[in-house]
file query-v1.csv (CSV, C-alpha atoms and all ligand atoms)
chain,number,residue,atom,x,y,z
P,1,MET,CA,69.8,144.3,46.5
P,2,ASN,CA,68.8,144.6,42.9
P,3,TRP,CA,65.8,146.8,43.1
P,4,PRO,CA,65.7,150.5,43.9
P,5,VAL,CA,65.1,151.4,47.5
P,6,THR,CA,63.2,154.6,47.1
P,7,THR,CA,60.9,156.0,44.4
P,8,PRO,CA,61.7,159.7,43.9
P,9,ASP,CA,58.3,161.2,43.3
P,10,THR,CA,55.6,159.5,45.3
P,11,ASP,CA,52.6,161.6,44.0
P,12,ALA,CA,53.5,161.0,40.4
P,13,ARG,CA,54.0,157.3,40.9
P,14,VAL,CA,50.8,156.8,42.8
P,15,ALA,CA,48.9,158.6,40.0
P,16,GLU,CA,50.6,156.4,37.4
P,17,LEU,CA,49.8,153.2,39.3
P,18,ASP,CA,46.3,154.3,39.8
P,19,ALA,CA,45.7,155.0,36.1
P,20,ASN,CA,47.4,151.7,35.1
P,21,LEU,CA,45.2,149.9,37.7
P,22,ARG,CA,42.0,151.4,36.4
P,23,ALA,CA,42.9,150.6,32.8
P,24,LEU,CA,43.8,147.1,33.8
P,25,LEU,CA,40.6,146.4,35.7
P,26,ALA,CA,38.6,147.8,32.7
P,27,ARG,CA,40.5,145.4,30.4
P,28,ILE,CA,39.8,142.5,32.7
P,29,ASP,CA,36.1,143.5,32.8
P,30,ALA,CA,36.0,143.7,29.0
P,31,ALA,CA,37.7,140.3,28.7
P,32,CYS,CA,35.1,138.8,31.1
P,33,ALA,CA,32.2,140.5,29.3
P,34,ALA,CA,33.5,139.1,25.9
P,35,THR,CA,33.1,135.5,27.2
P,36,GLY,CA,30.1,136.0,29.6
P,37,ARG,CA,32.2,135.7,32.8
P,38,ASP,CA,31.6,137.4,36.1
P,39,PRO,CA,34.6,139.7,36.8
P,40,ALA,CA,34.4,138.7,40.4
P,41,THR,CA,35.7,135.2,39.3
P,42,VAL,CA,39.0,136.6,38.0
P,43,ARG,CA,41.5,138.0,40.5
P,44,LEU,CA,44.3,140.4,39.6
P,45,LEU,CA,47.7,139.4,41.1
P,46,PRO,CA,50.0,142.3,40.7
P,47,VAL,CA,53.5,141.1,39.9
P,48,THR,CA,56.0,143.5,41.6
P,49,LYS,CA,59.3,141.8,41.0
P,50,TYR,CA,62.2,144.2,40.5
P,51,PHE,CA,60.0,147.1,41.7
P,52,PRO,CA,60.7,148.7,45.1
P,53,ALA,CA,58.9,147.9,48.3
P,54,SER,CA,57.7,151.5,48.2
P,55,ASP,CA,55.6,150.7,45.1
P,56,ILE,CA,53.9,147.8,47.0
P,57,GLU,CA,53.1,150.3,49.8
P,58,LEU,CA,51.5,152.6,47.2
P,59,LEU,CA,49.5,149.7,45.7
P,60,HIS,CA,48.4,148.7,49.2
P,61,ARG,CA,47.1,152.3,49.6
P,62,LEU,CA,45.2,151.8,46.4
P,63,GLY,CA,43.5,148.8,47.9
P,64,LEU,CA,45.5,145.9,46.7
P,65,ARG,CA,46.4,143.1,49.2
P,66,GLU,CA,48.0,140.3,47.2
P,67,PHE,CA,51.3,140.5,45.5
P,68,GLY,CA,53.3,138.1,43.3
P,69,GLU,CA,57.1,137.9,43.3
P,70,SER,CA,59.3,135.6,41.3
P,71,LYS,CA,62.4,135.4,43.4
P,72,ALA,CA,62.4,134.0,46.9
P,73,GLN,CA,65.2,136.2,48.2
P,74,GLU,CA,63.8,139.5,46.8
P,75,ALA,CA,60.3,138.6,48.0
P,76,GLY,CA,61.5,137.7,51.5
P,77,ALA,CA,63.4,141.0,51.8
P,78,LYS,CA,60.3,142.9,50.8
P,79,ALA,CA,58.0,141.0,53.1
P,80,GLU,CA,60.3,141.9,55.9
P,81,VAL,CA,60.4,145.6,55.0
P,82,LEU,CA,56.6,145.7,54.7
P,83,SER,CA,55.9,143.4,57.7
P,84,ASP,CA,53.8,146.2,59.3
P,85,LEU,CA,51.2,145.8,56.5
P,86,ARG,CA,49.9,142.6,58.1
P,87,ASP,CA,47.1,142.0,55.6
P,88,ILE,CA,49.4,141.5,52.7
P,89,ARG,CA,49.3,138.0,51.1
P,90,TRP,CA,52.5,137.1,49.2
P,91,HIS,CA,52.4,134.8,46.3
P,92,LEU,CA,55.6,133.2,45.0
P,93,ILE,CA,55.2,132.7,41.2
P,94,GLY,CA,58.8,131.9,40.1
P,95,ARG,CA,60.9,128.8,40.4
P,96,VAL,CA,61.7,127.7,44.0
P,97,GLN,CA,64.8,125.8,45.0
P,98,ARG,CA,64.2,123.2,47.6
P,99,ASN,CA,66.9,124.6,49.9
P,100,LYS,CA,64.9,127.9,50.0
P,101,ALA,CA,61.7,126.2,51.3
P,102,ARG,CA,62.3,127.1,55.0
P,103,GLN,CA,62.7,130.8,54.1
P,104,VAL,CA,59.8,130.9,51.7
P,105,VAL,CA,57.3,129.4,54.1
P,106,ARG,CA,57.9,132.2,56.6
P,107,TRP,CA,56.2,134.8,54.4
P,108,ALA,CA,54.4,133.0,51.5
P,109,ASP,CA,50.7,132.6,51.5
P,110,THR,CA,50.7,130.8,48.1
P,111,VAL,CA,53.2,129.2,45.9
P,112,HIS,CA,52.2,128.9,42.2
P,113,SER,CA,55.2,127.0,41.0
P,114,VAL,CA,55.2,123.6,42.5
P,115,ASP,CA,56.4,121.2,39.8
P,116,SER,CA,57.9,118.2,41.5
P,117,GLU,CA,57.2,115.8,44.3
P,118,ARG,CA,60.6,116.6,45.8
P,119,LEU,CA,59.8,120.3,46.0
P,120,ALA,CA,56.3,119.5,47.4
P,121,THR,CA,57.9,117.3,50.1
P,122,ALA,CA,60.4,120.0,51.0
P,123,LEU,CA,57.7,122.7,51.3
P,124,ASP,CA,55.5,120.3,53.3
P,125,ARG,CA,58.3,119.7,55.8
P,126,ALA,CA,59.2,123.4,56.0
P,127,VAL,CA,55.5,124.4,56.6
P,128,THR,CA,55.2,121.7,59.3
P,129,VAL,CA,58.3,123.1,61.1
P,130,ALA,CA,57.1,126.7,60.6
P,131,LEU,CA,53.7,125.9,62.1
P,132,GLU,CA,55.3,124.3,65.1
P,133,ALA,CA,57.6,127.3,65.5
P,134,GLU,CA,54.5,129.6,65.2
P,135,GLU,CA,56.2,131.4,62.2
P,136,ARG,CA,52.9,130.8,60.3
P,137,ASP,CA,49.4,129.9,61.3
P,138,ALA,CA,48.0,128.3,58.2
P,139,PRO,CA,48.8,125.6,55.6
P,140,LEU,CA,50.6,126.7,52.4
P,141,ARG,CA,48.3,127.1,49.5
P,142,VAL,CA,50.0,125.6,46.4
P,143,LEU,CA,49.3,125.5,42.7
P,144,ILE,CA,50.9,122.9,40.5
P,145,GLN,CA,52.8,124.5,37.6
P,146,ALA,CA,52.2,122.6,34.4
P,147,GLY,CA,54.8,122.6,31.7
P,148,LEU,CA,53.3,123.3,28.4
P,149,ASP,CA,56.5,122.8,26.5
P,150,SER,CA,59.6,120.7,26.9
P,151,ASP,CA,61.9,123.6,28.0
P,152,PRO,CA,62.9,122.7,31.5
P,153,GLU,CA,64.2,126.3,32.0
P,154,ARG,CA,60.6,127.6,32.1
P,155,GLY,CA,59.6,125.2,34.8
P,156,GLY,CA,56.5,123.1,35.1
P,157,ALA,CA,55.7,119.4,35.5
P,158,PRO,CA,55.0,117.4,32.3
P,159,PRO,CA,51.3,116.9,31.9
P,160,ALA,CA,51.6,113.1,32.3
P,161,GLN,CA,53.0,113.7,35.8
P,162,LEU,CA,50.2,116.0,37.0
P,163,PRO,CA,47.9,113.3,38.5
P,164,ALA,CA,50.6,111.7,40.6
P,165,LEU,CA,51.9,115.1,41.8
P,166,ALA,CA,48.4,116.3,42.7
P,167,GLU,CA,47.9,113.0,44.7
P,168,HIS,CA,51.2,113.6,46.5
P,169,ILE,CA,50.3,117.1,47.5
P,170,ALA,CA,46.8,116.1,48.5
P,171,ARG,CA,48.3,113.5,50.9
P,172,SER,CA,50.7,116.0,52.4
P,173,SER,CA,49.9,117.4,55.8
P,174,ALA,CA,50.6,121.1,55.5
P,175,LEU,CA,50.0,121.9,51.8
P,176,ARG,CA,46.6,122.7,50.3
P,177,LEU,CA,46.3,122.1,46.6
P,178,VAL,CA,44.3,125.0,45.3
P,179,GLY,CA,44.9,124.9,41.5
P,180,LEU,CA,47.0,124.9,38.4
P,181,MET,CA,49.4,127.4,36.9
P,182,ALA,CA,51.2,127.7,33.6
P,183,ILE,CA,53.3,130.0,31.4
P,184,PRO,CA,52.7,129.5,27.7
P,185,PRO,CA,55.8,128.4,25.8
P,186,LEU,CA,57.8,131.3,24.2
P,187,GLY,CA,56.3,132.1,20.8
P,188,ALA,CA,53.3,129.8,21.3
P,189,ASN,CA,49.8,130.8,20.3
P,190,PRO,CA,48.3,131.7,23.7
P,191,ASP,CA,44.8,130.6,22.7
P,192,GLU,CA,46.1,127.1,21.9
P,193,ALA,CA,48.3,127.0,25.1
P,194,PHE,CA,45.5,128.2,27.4
P,195,ALA,CA,42.9,125.8,25.7
P,196,ARG,CA,45.3,122.9,26.5
P,197,LEU,CA,45.8,124.2,30.1
P,198,ALA,CA,42.0,124.4,30.6
P,199,GLU,CA,41.7,120.7,29.7
P,200,LEU,CA,44.5,119.8,32.2
P,201,HIS,CA,42.7,121.9,34.8
P,202,ALA,CA,39.3,120.1,34.1
P,203,ARG,CA,41.1,116.8,34.6
P,204,LEU,CA,42.7,117.9,37.8
P,205,ARG,CA,39.5,119.2,39.2
P,206,ALA,CA,37.8,115.9,38.5
P,207,ASP,CA,40.0,114.3,41.1
P,208,HIS,CA,40.6,117.3,43.3
P,209,PRO,CA,37.4,119.4,43.3
P,210,ASP,CA,39.0,122.1,45.6
P,211,ALA,CA,41.7,122.8,43.0
P,212,THR,CA,39.6,125.6,41.5
P,213,GLU,CA,42.3,128.2,40.8
P,214,LEU,CA,43.7,128.6,37.3
P,215,SER,CA,46.6,130.9,37.4
P,216,ALA,CA,47.1,132.0,33.8
P,217,GLY,CA,47.6,135.1,31.8
P,218,MET,CA,50.1,138.0,32.0
P,219,SER,CA,50.2,141.5,30.5
P,220,GLY,CA,50.4,140.3,26.9
P,221,ASP,CA,47.9,137.5,27.0
P,222,LEU,CA,45.5,137.9,29.9
P,223,ASP,CA,42.5,138.4,27.6
P,224,SER,CA,43.0,135.0,26.0
P,225,ALA,CA,43.6,133.4,29.5
P,226,ILE,CA,40.4,134.8,30.8
P,227,ALA,CA,38.5,133.4,27.8
P,228,HIS,CA,39.9,130.0,28.7
P,229,GLY,CA,38.9,130.1,32.4
P,230,SER,CA,41.7,131.9,34.2
P,231,THR,CA,40.8,132.8,37.8
P,232,CYS,CA,44.0,134.7,38.5
P,233,VAL,CA,46.0,136.9,36.0
P,234,ARG,CA,49.5,137.6,37.0
P,235,VAL,CA,50.3,141.1,35.7
P,236,GLY,CA,53.5,143.0,36.0
P,237,THR,CA,54.3,145.3,33.1
P,238,ALA,CA,50.8,146.5,32.4
P,239,LEU,CA,50.4,147.7,36.0
P,240,MET,CA,53.9,148.6,37.0
P,241,GLY,CA,55.5,149.8,33.8
P,242,THR,CA,58.6,148.4,32.1
P,243,ARG,CA,60.7,146.5,34.6
P,244,PRO,CA,63.9,148.1,35.6
P,245,ILE,CA,67.0,146.5,34.1
P,246,THR,CA,68.6,144.2,36.6
P,247,SER,CA,71.7,142.1,36.8
P,248,GLY,CA,69.9,138.9,37.7
G,301,LIG,C1,57.1,138.3,35.5
G,301,LIG,C2,56.0,137.3,35.5
G,301,LIG,C3,54.7,137.7,35.2
G,301,LIG,C4,54.3,139.1,34.8
G,301,LIG,O1,54.7,139.3,33.5
G,301,LIG,P1,54.2,140.6,32.7
G,301,LIG,O2,54.4,140.2,31.3
G,301,LIG,O3,55.2,141.7,33.1
G,301,LIG,O4,52.8,140.9,33.1
G,301,LIG,C5,53.7,136.7,35.3
G,301,LIG,N1,54.0,135.4,35.7
G,301,LIG,C6,55.3,135.0,36.0
G,301,LIG,C7,55.6,133.6,36.4
G,301,LIG,C8,56.3,136.0,35.9
G,301,LIG,O5,57.6,135.6,36.2

call {"tool": "encode", "arguments": {"input": "query-v1.csv", "output": "C-alpha cells"}}
result
Amino acid sequence: MNWPVTTPDTDARVAELDANLRALLARIDAACAATGRDPATVRLLPVTKYFPASDIELLHRLGLREFGESKAQEAGAKAEVLSDLRDIRWHLIGRVQRNKARQVVRWADTVHSVDSERLATALDRAVTVALEAEERDAPLRVLIQAGLDSDPERGGAPPAQLPALAEHIARSSALRLVGLMAIPPLGANPDEAFARLAELHARLRADHPDATELSAGMSGDLDSAIAHGSTCVRVGTALMGTRPITSG
C-alpha cells in the first residue's frame, strides 16, 4: 500500500477538510458568479488519490458522496475498505489498463479517462460480465478523455478520433456516454486549452445530446474551466492539502 492507513488526529483533520471544503465551494460559487452560471450546474469531485480511506470517511461525514481516484488498484482497495458506505460513487479519473477492466467495473460508477475503442470494448465486456454476475446493477458511465496535446503520457484521444470513439461507445451495450474530459497540456494557457475543449464538447453534444458532462478544471485552473463550461471540477490539493510523497 502506498497511502497511510490511519490519520493521527481525526478532529484536527476534519476541521481542516471542512475549512478547505467551505473555501473551495466559495471559490466555485465566485467562478460561477463571474460568468453568470448557476453553481448547481458545477459539481465538485474530490480527488482523494494518495490520501487514506479515513479521509474519505471524514469527507463522507461532511456530506460528500462522490470521489475521484487515479489509480485502479488504490481505488479498488479503498472501495473495499469503505464498502459499508453504500452511497459512495467512485470515479476513476486516471489512465486505465485494459487488463484492469474486470476489477474496475466492480466498484466504479464513472470512468473519466476512456481514450480508445479498445479500452471501451474491454470495459463494455467487463460491465456485461459484472452485470450478469450481479457485481453491479447499472451500466458504467463513461467520459471520453480528449488529448489536447501530443504527449501520449498524459492520455487522451486525439480530437480527430473523438467522433468515431463516441459512436463506438454509443453502440456498446453496457456503457453510457455522459461527457468529455481533459487535462490541459503542461505549461499551456488554461483559458486557451479549455476554450478548445469547449468547442470539442459542443461538437460531441451535437451528435450525442446526453453527453452533457464536461470534466475540466483542477486546483490550479478550476476558475478558468468553469468559465468555459465545466460541469465537474476534479479537485485534489485545494481540498486535501499537498499530496503525500509516494513511490509510485
Ligand atoms: C490528481 C488529479 C487531479 C487533481 O489535481 P489537483 O491539482 O491536486 O487538484 C485532477 N484530475 C486528474 C486526472 C488527476 O490525476

call {"tool": "residues_near_ligand", "arguments": {"input": "query-v1.csv", "ligand": "ligand LIG 301 (chain G)", "cutoff": "9 Å", "atoms": "all atoms listed in the file", "output": "number ranges by chain"}}
result
P: 45-49, 68-71, 92-95, 112-113, 154, 181-183, 215-222, 233-243

call {"tool": "write_last_selection", "arguments": {"input": "query-v1.csv", "atoms": "C-alpha atoms", "output": "PDB file, keeping the file's coordinate frame"}}
result
ATOM      1  CA  LEU P  45      47.700 139.400  41.100  1.00  0.00           C
ATOM      2  CA  PRO P  46      50.000 142.300  40.700  1.00  0.00           C
ATOM      3  CA  VAL P  47      53.500 141.100  39.900  1.00  0.00           C
ATOM      4  CA  THR P  48      56.000 143.500  41.600  1.00  0.00           C
ATOM      5  CA  LYS P  49      59.300 141.800  41.000  1.00  0.00           C
ATOM      6  CA  GLY P  68      53.300 138.100  43.300  1.00  0.00           C
ATOM      7  CA  GLU P  69      57.100 137.900  43.300  1.00  0.00           C
ATOM      8  CA  SER P  70      59.300 135.600  41.300  1.00  0.00           C
ATOM      9  CA  LYS P  71      62.400 135.400  43.400  1.00  0.00           C
ATOM     10  CA  LEU P  92      55.600 133.200  45.000  1.00  0.00           C
ATOM     11  CA  ILE P  93      55.200 132.700  41.200  1.00  0.00           C
ATOM     12  CA  GLY P  94      58.800 131.900  40.100  1.00  0.00           C
ATOM     13  CA  ARG P  95      60.900 128.800  40.400  1.00  0.00           C
ATOM     14  CA  HIS P 112      52.200 128.900  42.200  1.00  0.00           C
ATOM     15  CA  SER P 113      55.200 127.000  41.000  1.00  0.00           C
ATOM     16  CA  ARG P 154      60.600 127.600  32.100  1.00  0.00           C
ATOM     17  CA  MET P 181      49.400 127.400  36.900  1.00  0.00           C
ATOM     18  CA  ALA P 182      51.200 127.700  33.600  1.00  0.00           C
ATOM     19  CA  ILE P 183      53.300 130.000  31.400  1.00  0.00           C
ATOM     20  CA  SER P 215      46.600 130.900  37.400  1.00  0.00           C
ATOM     21  CA  ALA P 216      47.100 132.000  33.800  1.00  0.00           C
ATOM     22  CA  GLY P 217      47.600 135.100  31.800  1.00  0.00           C
ATOM     23  CA  MET P 218      50.100 138.000  32.000  1.00  0.00           C
ATOM     24  CA  SER P 219      50.200 141.500  30.500  1.00  0.00           C
ATOM     25  CA  GLY P 220      50.400 140.300  26.900  1.00  0.00           C
ATOM     26  CA  ASP P 221      47.900 137.500  27.000  1.00  0.00           C
ATOM     27  CA  LEU P 222      45.500 137.900  29.900  1.00  0.00           C
ATOM     28  CA  VAL P 233      46.000 136.900  36.000  1.00  0.00           C
ATOM     29  CA  ARG P 234      49.500 137.600  37.000  1.00  0.00           C
ATOM     30  CA  VAL P 235      50.300 141.100  35.700  1.00  0.00           C
ATOM     31  CA  GLY P 236      53.500 143.000  36.000  1.00  0.00           C
ATOM     32  CA  THR P 237      54.300 145.300  33.100  1.00  0.00           C
ATOM     33  CA  ALA P 238      50.800 146.500  32.400  1.00  0.00           C
ATOM     34  CA  LEU P 239      50.400 147.700  36.000  1.00  0.00           C
ATOM     35  CA  MET P 240      53.900 148.600  37.000  1.00  0.00           C
ATOM     36  CA  GLY P 241      55.500 149.800  33.800  1.00  0.00           C
ATOM     37  CA  THR P 242      58.600 148.400  32.100  1.00  0.00           C
ATOM     38  CA  ARG P 243      60.700 146.500  34.600  1.00  0.00           C
TER      39      ARG P 243
END

call {"tool": "closest_residue", "arguments": {"input": "query-v1.csv", "among": "P:Asp115, P:Arg86, P:Pro244, P:Asp149", "to": "Tyr50 (chain P)", "atoms": "all atoms listed in the file"}}
result
P:Pro244

call {"tool": "atom_distance", "arguments": {"input": "query-v1.csv", "atom1": "CA of Pro158 (chain P)", "atom2": "CA of Leu140 (chain P)"}}
result
22.6 Å

call {"tool": "closest_residue", "arguments": {"input": "query-v1.csv", "among": "P:Leu180, P:Ala75, P:Ala164, P:Ala195", "to": "Ala225 (chain P)", "atoms": "only C-alpha atoms"}}
result
P:Ala195

call {"tool": "residues_around", "arguments": {"input": "query-v1.csv", "residues": "region 116-128 of chain P", "least_positions_apart": "3", "cutoff": "12 Å", "atoms": "only C-alpha atoms", "output": "VMD selection string"}}
result
chain P and resid 95 to 113 131 to 147 155 to 159 161 to 177

call {"tool": "write_last_selection", "arguments": {"input": "query-v1.csv", "atoms": "C-alpha atoms", "output": "mmCIF file, keeping the file's coordinate frame"}}
result
data_model
loop_
_atom_site.group_PDB
_atom_site.id
_atom_site.type_symbol
_atom_site.label_atom_id
_atom_site.label_comp_id
_atom_site.auth_asym_id
_atom_site.auth_seq_id
_atom_site.Cartn_x
_atom_site.Cartn_y
_atom_site.Cartn_z
ATOM 1 C CA ARG P 95 60.900 128.800 40.400
ATOM 2 C CA VAL P 96 61.700 127.700 44.000
ATOM 3 C CA GLN P 97 64.800 125.800 45.000
ATOM 4 C CA ARG P 98 64.200 123.200 47.600
ATOM 5 C CA ASN P 99 66.900 124.600 49.900
ATOM 6 C CA LYS P 100 64.900 127.900 50.000
ATOM 7 C CA ALA P 101 61.700 126.200 51.300
ATOM 8 C CA ARG P 102 62.300 127.100 55.000
ATOM 9 C CA GLN P 103 62.700 130.800 54.100
ATOM 10 C CA VAL P 104 59.800 130.900 51.700
ATOM 11 C CA VAL P 105 57.300 129.400 54.100
ATOM 12 C CA ARG P 106 57.900 132.200 56.600
ATOM 13 C CA TRP P 107 56.200 134.800 54.400
ATOM 14 C CA ALA P 108 54.400 133.000 51.500
ATOM 15 C CA ASP P 109 50.700 132.600 51.500
ATOM 16 C CA THR P 110 50.700 130.800 48.100
ATOM 17 C CA VAL P 111 53.200 129.200 45.900
ATOM 18 C CA HIS P 112 52.200 128.900 42.200
ATOM 19 C CA SER P 113 55.200 127.000 41.000
ATOM 20 C CA LEU P 131 53.700 125.900 62.100
ATOM 21 C CA GLU P 132 55.300 124.300 65.100
ATOM 22 C CA ALA P 133 57.600 127.300 65.500
ATOM 23 C CA GLU P 134 54.500 129.600 65.200
ATOM 24 C CA GLU P 135 56.200 131.400 62.200
ATOM 25 C CA ARG P 136 52.900 130.800 60.300
ATOM 26 C CA ASP P 137 49.400 129.900 61.300
ATOM 27 C CA ALA P 138 48.000 128.300 58.200
ATOM 28 C CA PRO P 139 48.800 125.600 55.600
ATOM 29 C CA LEU P 140 50.600 126.700 52.400
ATOM 30 C CA ARG P 141 48.300 127.100 49.500
ATOM 31 C CA VAL P 142 50.000 125.600 46.400
ATOM 32 C CA LEU P 143 49.300 125.500 42.700
ATOM 33 C CA ILE P 144 50.900 122.900 40.500
ATOM 34 C CA GLN P 145 52.800 124.500 37.600
ATOM 35 C CA ALA P 146 52.200 122.600 34.400
ATOM 36 C CA GLY P 147 54.800 122.600 31.700
ATOM 37 C CA GLY P 155 59.600 125.200 34.800
ATOM 38 C CA GLY P 156 56.500 123.100 35.100
ATOM 39 C CA ALA P 157 55.700 119.400 35.500
ATOM 40 C CA PRO P 158 55.000 117.400 32.300
ATOM 41 C CA PRO P 159 51.300 116.900 31.900
ATOM 42 C CA GLN P 161 53.000 113.700 35.800
ATOM 43 C CA LEU P 162 50.200 116.000 37.000
ATOM 44 C CA PRO P 163 47.900 113.300 38.500
ATOM 45 C CA ALA P 164 50.600 111.700 40.600
ATOM 46 C CA LEU P 165 51.900 115.100 41.800
ATOM 47 C CA ALA P 166 48.400 116.300 42.700
ATOM 48 C CA GLU P 167 47.900 113.000 44.700
ATOM 49 C CA HIS P 168 51.200 113.600 46.500
ATOM 50 C CA ILE P 169 50.300 117.100 47.500
ATOM 51 C CA ALA P 170 46.800 116.100 48.500
ATOM 52 C CA ARG P 171 48.300 113.500 50.900
ATOM 53 C CA SER P 172 50.700 116.000 52.400
ATOM 54 C CA SER P 173 49.900 117.400 55.800
ATOM 55 C CA ALA P 174 50.600 121.100 55.500
ATOM 56 C CA LEU P 175 50.000 121.900 51.800
ATOM 57 C CA ARG P 176 46.600 122.700 50.300
ATOM 58 C CA LEU P 177 46.300 122.100 46.600
#

call {"tool": "build_atoms", "arguments": {"input": "query-v1.csv", "residues": "region 85-107 of chain P", "atoms": "N, CA and C atoms", "output": "PDB file, in the frame of the given file"}}
result
ATOM      1  N   LEU P  85      52.479 145.901  57.283  1.00  0.00           N
ATOM      2  CA  LEU P  85      51.200 145.800  56.500  1.00  0.00           C
ATOM      3  C   LEU P  85      50.764 144.315  56.664  1.00  0.00           C
ATOM      4  N   ARG P  86      50.100 144.030  57.745  1.00  0.00           N
ATOM      5  CA  ARG P  86      49.900 142.600  58.100  1.00  0.00           C
ATOM      6  C   ARG P  86      48.878 141.921  57.228  1.00  0.00           C
ATOM      7  N   ASP P  87      48.080 142.678  56.463  1.00  0.00           N
ATOM      8  CA  ASP P  87      47.100 142.000  55.600  1.00  0.00           C
ATOM      9  C   ASP P  87      47.562 141.665  54.233  1.00  0.00           C
ATOM     10  N   ILE P  88      48.853 141.848  53.973  1.00  0.00           N
ATOM     11  CA  ILE P  88      49.400 141.500  52.700  1.00  0.00           C
ATOM     12  C   ILE P  88      49.485 139.949  52.554  1.00  0.00           C
ATOM     13  N   ARG P  89      49.098 139.431  51.393  1.00  0.00           N
ATOM     14  CA  ARG P  89      49.300 138.000  51.100  1.00  0.00           C
ATOM     15  C   ARG P  89      50.280 137.876  49.957  1.00  0.00           C
ATOM     16  N   TRP P  90      51.404 137.239  50.235  1.00  0.00           N
ATOM     17  CA  TRP P  90      52.500 137.100  49.200  1.00  0.00           C
ATOM     18  C   TRP P  90      52.331 135.813  48.454  1.00  0.00           C
ATOM     19  N   HIS P  91      52.472 135.955  47.136  1.00  0.00           N
ATOM     20  CA  HIS P  91      52.400 134.800  46.300  1.00  0.00           C
ATOM     21  C   HIS P  91      53.819 134.629  45.610  1.00  0.00           C
ATOM     22  N   LEU P  92      54.375 133.456  45.670  1.00  0.00           N
ATOM     23  CA  LEU P  92      55.600 133.200  45.000  1.00  0.00           C
ATOM     24  C   LEU P  92      55.254 132.522  43.634  1.00  0.00           C
ATOM     25  N   ILE P  93      55.637 133.185  42.531  1.00  0.00           N
ATOM     26  CA  ILE P  93      55.200 132.700  41.200  1.00  0.00           C
ATOM     27  C   ILE P  93      56.373 132.146  40.398  1.00  0.00           C
ATOM     28  N   GLY P  94      57.607 132.314  40.895  1.00  0.00           N
ATOM     29  CA  GLY P  94      58.800 131.900  40.100  1.00  0.00           C
ATOM     30  C   GLY P  94      59.314 130.542  40.675  1.00  0.00           C
ATOM     31  N   ARG P  95      60.347 130.070  40.048  1.00  0.00           N
ATOM     32  CA  ARG P  95      60.900 128.800  40.400  1.00  0.00           C
ATOM     33  C   ARG P  95      61.454 128.833  41.869  1.00  0.00           C
ATOM     34  N   VAL P  96      61.247 127.754  42.591  1.00  0.00           N
ATOM     35  CA  VAL P  96      61.700 127.700  44.000  1.00  0.00           C
ATOM     36  C   VAL P  96      62.736 126.566  44.081  1.00  0.00           C
ATOM     37  N   GLN P  97      63.844 126.894  44.736  1.00  0.00           N
ATOM     38  CA  GLN P  97      64.800 125.800  45.000  1.00  0.00           C
ATOM     39  C   GLN P  97      64.433 125.200  46.345  1.00  0.00           C
ATOM     40  N   ARG P  98      64.633 123.886  46.416  1.00  0.00           N
ATOM     41  CA  ARG P  98      64.200 123.200  47.600  1.00  0.00           C
ATOM     42  C   ARG P  98      64.914 123.720  48.867  1.00  0.00           C
ATOM     43  N   ASN P  99      66.179 124.144  48.707  1.00  0.00           N
ATOM     44  CA  ASN P  99      66.900 124.600  49.900  1.00  0.00           C
ATOM     45  C   ASN P  99      66.424 126.010  50.354  1.00  0.00           C
ATOM     46  N   LYS P 100      65.475 126.598  49.615  1.00  0.00           N
ATOM     47  CA  LYS P 100      64.900 127.900  50.000  1.00  0.00           C
ATOM     48  C   LYS P 100      63.553 127.688  50.746  1.00  0.00           C
ATOM     49  N   ALA P 101      63.104 126.436  50.828  1.00  0.00           N
ATOM     50  CA  ALA P 101      61.700 126.200  51.300  1.00  0.00           C
ATOM     51  C   ALA P 101      61.527 126.762  52.727  1.00  0.00           C
ATOM     52  N   ARG P 102      62.496 126.568  53.606  1.00  0.00           N
ATOM     53  CA  ARG P 102      62.300 127.100  55.000  1.00  0.00           C
ATOM     54  C   ARG P 102      62.136 128.569  55.033  1.00  0.00           C
ATOM     55  N   GLN P 103      62.880 129.289  54.163  1.00  0.00           N
ATOM     56  CA  GLN P 103      62.700 130.800  54.100  1.00  0.00           C
ATOM     57  C   GLN P 103      61.375 131.138  53.535  1.00  0.00           C
ATOM     58  N   VAL P 104      61.035 130.496  52.441  1.00  0.00           N
ATOM     59  CA  VAL P 104      59.800 130.900  51.700  1.00  0.00           C
ATOM     60  C   VAL P 104      58.567 130.725  52.578  1.00  0.00           C
ATOM     61  N   VAL P 105      58.500 129.664  53.365  1.00  0.00           N
ATOM     62  CA  VAL P 105      57.300 129.400  54.100  1.00  0.00           C
ATOM     63  C   VAL P 105      57.088 130.386  55.278  1.00  0.00           C
ATOM     64  N   ARG P 106      58.105 131.192  55.556  1.00  0.00           N
ATOM     65  CA  ARG P 106      57.900 132.200  56.600  1.00  0.00           C
ATOM     66  C   ARG P 106      57.011 133.322  56.165  1.00  0.00           C
ATOM     67  N   TRP P 107      56.981 133.610  54.862  1.00  0.00           N
ATOM     68  CA  TRP P 107      56.200 134.800  54.400  1.00  0.00           C
ATOM     69  C   TRP P 107      55.145 134.406  53.332  1.00  0.00           C
TER      70      TRP P 107
END
